[in-house]
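Participant: This is my_file26.txt (compact mmCIF, C-alpha atoms).
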# COMPACT_ATOMS: atom_id res chain seq x y z
CA MET A 1 -24.55 -35.96 18.71
CA MET A 2 -25.28 -32.77 16.76
CA PRO A 3 -23.23 -29.77 17.93
CA SER A 4 -25.09 -26.91 19.52
CA LEU A 5 -26.02 -24.08 17.20
CA LEU A 6 -24.98 -21.66 19.94
CA SER A 7 -21.49 -23.07 20.34
CA PRO A 8 -18.68 -20.63 19.43
CA PRO A 9 -16.51 -21.25 16.36
CA SER A 10 -13.37 -23.30 16.82
CA GLN A 11 -10.21 -21.43 17.67
CA VAL A 12 -8.31 -20.08 14.66
CA SER A 13 -4.87 -21.61 14.24
CA ALA A 14 -1.87 -20.76 12.09
CA THR A 15 -2.74 -23.56 9.65
CA ASP A 16 -6.07 -21.86 8.87
CA TRP A 17 -4.21 -19.03 7.17
CA GLY A 18 -2.72 -21.47 4.67
CA GLN A 19 -6.19 -22.79 3.81
CA ALA A 20 -7.74 -19.42 3.03
CA GLU A 21 -10.14 -19.25 0.09
CA THR A 22 -8.29 -16.29 -1.39
CA MET A 23 -4.87 -14.80 -0.72
CA TYR A 24 -3.42 -11.50 -1.94
CA ILE A 25 0.05 -9.99 -1.97
CA LEU A 26 -0.04 -7.30 0.70
CA TYR A 27 1.84 -4.56 -1.16
CA GLU A 28 -0.40 -5.08 -4.23
CA VAL A 29 -3.51 -4.23 -2.19
CA LEU A 30 -4.86 -0.72 -1.70
CA PHE A 31 -6.61 0.14 1.56
CA LYS A 32 -9.46 2.65 1.22
CA VAL A 33 -11.48 4.18 4.03
CA HIS A 34 -15.17 4.92 3.41
CA LYS A 35 -15.73 7.26 6.32
CA LEU A 36 -15.98 11.03 6.14
CA TRP A 37 -14.99 12.92 9.26
CA MET A 38 -15.67 16.51 10.13
CA ALA A 39 -12.67 18.83 10.24
CA GLU A 40 -12.22 18.49 14.01
CA ASP A 41 -12.46 14.71 13.80
CA CYS A 42 -9.89 14.66 10.97
CA TRP A 43 -7.47 16.54 13.22
CA ILE A 44 -8.05 13.99 15.98
CA GLN A 45 -7.38 11.15 13.52
CA ALA A 46 -4.20 12.81 12.26
CA LYS A 47 -2.89 13.15 15.81
CA PHE A 48 -3.80 9.53 16.45
CA TYR A 49 -1.72 8.31 13.48
CA LEU A 50 1.23 10.38 14.67
CA GLY A 51 0.95 8.88 18.14
CA LEU A 52 0.00 12.20 19.73
CA GLN A 53 -3.45 11.08 20.81
CA GLN A 54 -4.68 7.94 22.51
CA ASP A 55 -7.32 5.80 20.83
CA GLU A 56 -9.67 6.13 23.81
CA ASP A 57 -9.92 9.86 23.07
CA LEU A 58 -11.52 9.19 19.69
CA GLN A 59 -15.22 9.78 19.35
CA ASP A 60 -17.26 6.83 18.10
CA GLY A 61 -20.04 7.70 15.69
CA GLU A 62 -22.04 5.86 13.10
CA PRO A 63 -20.76 2.56 11.65
CA SER A 64 -17.82 2.97 9.24
CA CYS A 65 -16.30 0.72 6.63
CA PHE A 66 -13.17 0.19 4.59
CA SER A 67 -12.34 -1.75 1.47
CA ILE A 68 -9.31 -3.42 -0.01
CA LEU A 69 -8.83 -3.04 -3.76
CA VAL A 70 -7.07 -6.09 -5.16
CA GLY A 71 -6.92 -5.40 -8.88
CA HIS A 72 -9.00 -5.40 -12.06
CA GLY A 73 -11.76 -3.50 -10.25
CA GLN A 74 -12.21 -6.15 -7.58
CA SER A 75 -12.67 -5.10 -3.99
CA HIS A 76 -13.80 -6.44 -0.63
CA THR A 77 -15.63 -4.20 1.82
CA PHE A 78 -15.59 -4.62 5.59
CA SER A 79 -17.50 -2.70 8.24
CA VAL A 80 -16.60 -1.77 11.80
CA GLU A 81 -18.84 -0.48 14.54
CA MET A 82 -16.68 2.31 15.90
CA THR A 83 -14.50 5.05 14.44
CA SER A 84 -11.66 4.03 16.71
CA ASP A 85 -11.78 0.52 15.19
CA LEU A 86 -11.44 1.99 11.73
CA ALA A 87 -8.41 3.99 12.79
CA VAL A 88 -6.75 0.90 14.27
CA TRP A 89 -7.43 -1.12 11.11
CA GLU A 90 -5.92 1.57 8.89
CA LYS A 91 -2.89 2.04 11.09
CA SER A 92 -2.34 -1.73 11.30
CA PHE A 93 -2.56 -2.05 7.51
CA GLN A 94 -0.08 0.78 7.00
CA ARG A 95 2.32 -0.85 9.44
CA ALA A 96 1.97 -4.27 7.76
CA VAL A 97 2.65 -2.83 4.29
CA PHE A 98 5.65 -0.93 5.62
CA MET A 99 7.14 -4.06 7.15
CA GLU A 100 6.42 -6.18 4.07
CA ALA A 101 7.96 -3.67 1.66
CA GLN A 102 11.11 -3.63 3.76
CA ARG A 103 11.17 -7.42 3.99
CA VAL A 104 10.71 -8.02 0.26
CA GLY A 105 13.06 -5.22 -0.76
CA SER A 106 12.11 -5.18 -4.44
CA LYS A 107 9.55 -6.43 -6.92
CA THR A 108 9.99 -6.91 -10.68
CA TYR A 109 7.15 -6.85 -13.22
CA MET A 110 7.23 -7.81 -16.88
CA CYS A 111 6.11 -5.05 -19.23
CA SER A 112 6.50 -3.78 -22.78
CA SER A 113 7.28 -0.53 -24.56
CA GLN A 114 7.44 0.11 -28.30
CA GLY A 115 7.29 -3.60 -28.99
CA LYS A 116 10.14 -4.50 -26.63
CA VAL A 117 9.76 -6.83 -23.65
CA LEU A 118 11.08 -5.09 -20.55
CA CYS A 119 11.28 -5.49 -16.80
CA LEU A 120 10.38 -2.78 -14.31
CA THR A 121 11.89 -3.24 -10.86
CA ILE A 122 10.53 -1.30 -7.91
CA ASP A 123 13.20 -1.30 -5.23
CA PHE A 124 12.72 -0.02 -1.68
CA GLY A 125 16.25 1.37 -1.59
CA SER A 126 16.98 2.61 -5.11
CA GLY A 127 13.58 3.36 -6.69
CA PHE A 128 12.71 2.46 -10.30
CA THR A 129 14.87 0.51 -12.73
CA CYS A 130 13.81 -0.52 -16.23
CA SER A 131 15.84 -3.10 -18.13
CA GLU A 132 15.61 -5.31 -21.19
CA SER A 133 14.11 -8.69 -20.37
CA SER A 134 16.59 -10.76 -22.40
CA SER A 135 19.93 -8.94 -22.02
CA LYS A 136 19.18 -7.40 -18.58
CA LYS A 137 20.64 -4.16 -19.92
CA ILE A 138 19.51 -1.22 -17.81
CA LEU A 139 17.65 1.36 -19.90
CA TRP A 140 16.86 3.91 -17.23
CA ARG A 141 16.83 4.39 -13.49
CA TYR A 142 15.13 6.93 -11.22
CA LYS A 143 14.72 7.48 -7.51
CA PHE A 144 11.26 7.60 -5.94
CA SER A 145 11.73 11.33 -5.34
CA GLN A 146 12.14 11.88 -9.09
CA LEU A 147 8.61 10.64 -9.84
CA LYS A 148 6.59 13.81 -10.41
CA GLY A 149 3.35 12.41 -11.77
CA SER A 150 1.61 9.55 -13.50
CA SER A 151 -1.49 8.71 -15.50
CA ASP A 152 -2.99 5.50 -16.80
CA ASP A 153 -5.79 4.32 -19.07
CA GLY A 154 -7.29 2.07 -16.40
CA LYS A 155 -6.45 -1.01 -18.45
CA THR A 156 -2.83 -1.75 -19.34
CA ARG A 157 -0.88 1.45 -20.00
CA VAL A 158 0.73 3.89 -17.60
CA LYS A 159 2.75 7.05 -18.16
CA LEU A 160 5.34 7.88 -15.53
CA LEU A 161 6.79 11.40 -15.35
CA PHE A 162 10.29 11.68 -13.90
CA LYS A 163 12.47 14.73 -13.30
CA ASN A 164 15.97 14.36 -14.71
CA ALA A 165 18.46 15.00 -11.91
CA GLU A 166 20.95 16.69 -14.24
CA ASN A 167 19.01 18.92 -16.63
CA LYS A 168 15.86 19.18 -14.44
CA GLN A 169 13.69 18.29 -17.43
CA ILE A 170 10.59 16.10 -17.15
CA GLU A 171 10.94 12.77 -18.95
CA MET A 172 7.99 10.54 -19.73
CA LYS A 173 8.18 6.76 -19.73
CA GLU A 174 5.20 4.86 -21.11
CA LEU A 175 4.88 1.19 -20.19
CA GLU A 176 2.26 -1.49 -20.71
CA PHE A 177 1.46 -4.19 -18.14
CA SER A 178 -0.88 -7.15 -18.11
CA ASN A 179 -1.46 -6.56 -14.39
CA LEU A 180 -1.48 -2.76 -14.26
CA THR A 181 -3.54 -2.39 -11.08
CA ALA A 182 -1.16 -4.60 -9.09
CA VAL A 183 1.80 -2.57 -10.36
CA LEU A 184 0.21 0.76 -9.43
CA HIS A 185 -0.67 -0.50 -5.96
CA CYS A 186 2.89 -1.79 -5.52
CA ILE A 187 4.34 1.58 -6.51
CA HIS A 188 2.02 3.31 -4.04
CA SER A 189 2.95 0.89 -1.25
CA PHE A 190 6.71 1.16 -1.79
CA ILE A 191 6.71 4.96 -2.06
CA SER A 192 4.49 5.32 1.02
CA SER A 193 6.75 2.96 2.95
CA LYS A 194 9.86 4.82 1.78
CA VAL A 195 8.42 8.13 2.99
CA ALA A 196 7.42 6.55 6.30
CA SER A 197 10.93 5.13 6.77
CA VAL A 198 12.39 8.63 7.04
CA ASP A 199 9.67 9.87 9.41
CA PRO A 200 11.07 9.46 12.95
CA VAL A 201 7.59 9.65 14.50
CA PHE A 202 6.33 6.79 12.35
CA VAL A 203 9.49 4.70 12.80
CA ASN A 204 9.39 5.07 16.57
CA SER A 205 5.73 4.03 16.59
CA GLN A 206 6.70 0.72 14.96
CA SER A 207 8.77 -0.32 17.97
CA ILE A 208 8.08 -3.85 19.20
CA SER A 209 7.10 -2.25 22.50
CA GLY A 210 4.47 -0.10 20.78
CA LYS A 211 0.87 -0.38 21.85
CA TYR A 212 -0.44 -1.93 18.62
CA MET A 213 2.40 -4.30 17.77
CA MET A 214 1.10 -7.86 17.70
Would you mind writing the file's structure down as structure tokens?
Facilitator:
Amino acid sequence: MMPSLLSPPSQVSATDWGQAETMYILYEVLFKVHKLWMAEDCWIQAKFYLGLQQDEDLQDGEPSCFSILVGHGQSHTFSVEMTSDLAVWEKSFQRAVFMEAQRVGSKTYMCSSQGKVLCLTIDFGSGFTCSESSSKKILWRYKFSQLKGSSDDGKTRVKLLFKNAENKQIEMKELEFSNLTAVLHCIHSFISSKVASVDPVFVNSQSISGKYMM
């Protein structure tokens, strides 16, 4: 017998996640909100993220949307009906990235500089470490707080500006990656998570007893 066209979809199970059409590494994805709020609404949203305002106090307006940027200019856009939904999605994504960065601890990417094959490690605890791919010799190391700026060509090359802890001079490191977008997103995720880890308000909001923990 043909199933009814009005029947609801089958219940999603854990095995469905392993059969997804496409999967992305969470800390290599950038979450972008496509919703502009007025100044008063921005203040409400800020208080919501800090846990100072309940979600039911948010004002729902016109439909909003967000996108996830996954690299090489690719993105997926999703829409939500209410502003409060958008806030919950963003907060949930931030929490998930924070937890994943802590769980993974570090990520190493192959790169090159001046014809040499190198490895750049982004570590949640120590920051940036660049070493030779073959000998594993460490060439330089900086904390996240020493990163003062960056620029890239949108293709393969990135320039990272670090402040030397001893002489206070700015030092530039230019690296080339085959997967530059993923690297930049990873750096953003790890630094954001590191900053959040020292924010007591954010840390307390991640308690298992918190309202949005699932």
Participant: Counting only C-alpha atoms, which of A:Gly71, A:Gln169, A:Phe190, A:Val195 gets nearest to Lys155 (chain A)?
Facilitator: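 Closest candidate: A:Gly71.
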Participant: Please list as a list in words every residue within 8 Å of Leu160 (chain A), counting only C-alpha atoms and excluding residues in the same chain fewer than 6 positions away.
Facilitator: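 Residues meeting the cut-off are Leu147, Lys148, Gly149, Ser150, Ser151, Met172, Lys173 and Glu174 of chain A.
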Participant: Contacts between region 115-126 of chain A and region 130-167 of chain A, please, where a residue of region 130-167 of chain A counts if it comes within 10 Å (with only C-alpha atoms); show its shortest atom pair and distance in Å to one decimal, rows by chain and ascending number, as JSON lines.
Facilitator:
{"residue": "A:Cys130", "atom": "CA", "partner": "A:Leu120", "partner_atom": "CA", "distance": 4.5}
{"residue": "A:Ser131", "atom": "CA", "partner": "A:Cys119", "partner_atom": "CA", "distance": 5.3}
{"residue": "A:Glu132", "atom": "CA", "partner": "A:Leu118", "partner_atom": "CA", "distance": 4.6}
{"residue": "A:Ser133", "atom": "CA", "partner": "A:Leu118", "partner_atom": "CA", "distance": 4.7}
{"residue": "A:Ser134", "atom": "CA", "partner": "A:Val117", "partner_atom": "CA", "distance": 8.0}
{"residue": "A:Ser135", "atom": "CA", "partner": "A:Leu118", "partner_atom": "CA", "distance": 9.8}
{"residue": "A:Lys136", "atom": "CA", "partner": "A:Cys119", "partner_atom": "CA", "distance": 8.3}
{"residue": "A:Lys137", "atom": "CA", "partner": "A:Leu118", "partner_atom": "CA", "distance": 9.6}
{"residue": "A:Ile138", "atom": "CA", "partner": "A:Cys119", "partner_atom": "CA", "distance": 9.3}
{"residue": "A:Leu139", "atom": "CA", "partner": "A:Leu118", "partner_atom": "CA", "distance": 9.2}
{"residue": "A:Trp140", "atom": "CA", "partner": "A:Leu120", "partner_atom": "CA", "distance": 9.8}
{"residue": "A:Arg141", "atom": "CA", "partner": "A:Ser126", "partner_atom": "CA", "distance": 8.6}
{"residue": "A:Tyr142", "atom": "CA", "partner": "A:Ser126", "partner_atom": "CA", "distance": 7.7}
{"residue": "A:Lys143", "atom": "CA", "partner": "A:Ser126", "partner_atom": "CA", "distance": 5.9}
{"residue": "A:Phe144", "atom": "CA", "partner": "A:Ser126", "partner_atom": "CA", "distance": 7.6}
Participant: Box along x, y and z, 4 Å on every side, all listed atoms of region 114-127 of chain A inside: centre and edge lengths in Å to one decimal, as JSON.
Facilitator:
{"center_x": 12.1, "center_y": -1.7, "center_z": -15.3, "size_x": 17.7, "size_y": 18.2, "size_z": 35.4}
Participant: Around (-4.2, -7.3, -18.7), as given in the file, which residues come within 8 Å? Count only C-alpha atoms and list them as an MDAnalysis selection string.
Facilitator: chainID A and resid 155:156 177:180
Participant: With a distance cut-off of 6 Å and all atoms listed in the file, select the neighbouring residues of Glu176 (chain A), excluding the residue or stretch itself and same-chain residues fewer than 2 positions from it, and output the selection as a PyMOL selection string.
Facilitator: chain A and resi 111-112+156-157
Participant: Compile the contact shell of Glu171 (chain A) as a list in words: residues with an atom at most 8 Å away, counting only C-alpha atoms, same-chain residues fewer than 3 positions apart removed.
Facilitator: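 Contacts, in chain order: Leu161, Phe162, Lys163 and Asn164 of chain A.
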Participant: Rounded to one decimal place, report the CA of His72 (chain A)-CA of Asp153 (chain A) distance in Å.
Facilitator: 12.4 Å
Participant: Between A:Ser145, A:Thr83, A:Gln94, A:Gln114, which one has atoms that come closest to His34 (chain A), using all atoms listed in the file?
Facilitator: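 When distances to His34 (chain A) are compared using all atoms listed in the file, the smallest one comes from A:Thr83.
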Participant: Quote the spacing between CA of Val104 (chain A) and CA of Gly154 (chain A) in Å to one decimal place.
Facilitator: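 One can read the CA of Val104 (chain A) to CA of Gly154 (chain A) distance as 26.5 Å.
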Participant: What is the CA of Leu184 (chain A)-CA of Thr108 (chain A) distance in Å, reported with one decimal?
Facilitator: 12.5 Å
Participant: Which of these, A:Ser113, A:Lys159, A:Cys65, A:Ala101, has the shortest distance to Ile191 (chain A) once you count all atoms listed in the file?
Facilitator: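 Between A:Ser113, A:Lys159, A:Cys65, A:Ala101, the residue approaching Ile191 (chain A) most closely is A:Ala101.
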Participant: Using all atoms listed in the file, what residues lie at most 8 Å away from (12.3, -1.2, 4.5) (file coordinates), given as a list in words?
Facilitator: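 Residues satisfying the cut-off, written out: Phe98, Met99, Glu100, Ala101, Gln102, Arg103, Gly105, Phe124, Gly125, Ser193, Lys194 and Ser197 of chain A.
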Participant: Go through A:Ile187, A:Val70, A:Met110, A:Ala96 and flag the residue nearest Phe128 (chain A), using all atoms listed in the file for the distances.
Facilitator: A:Ile187
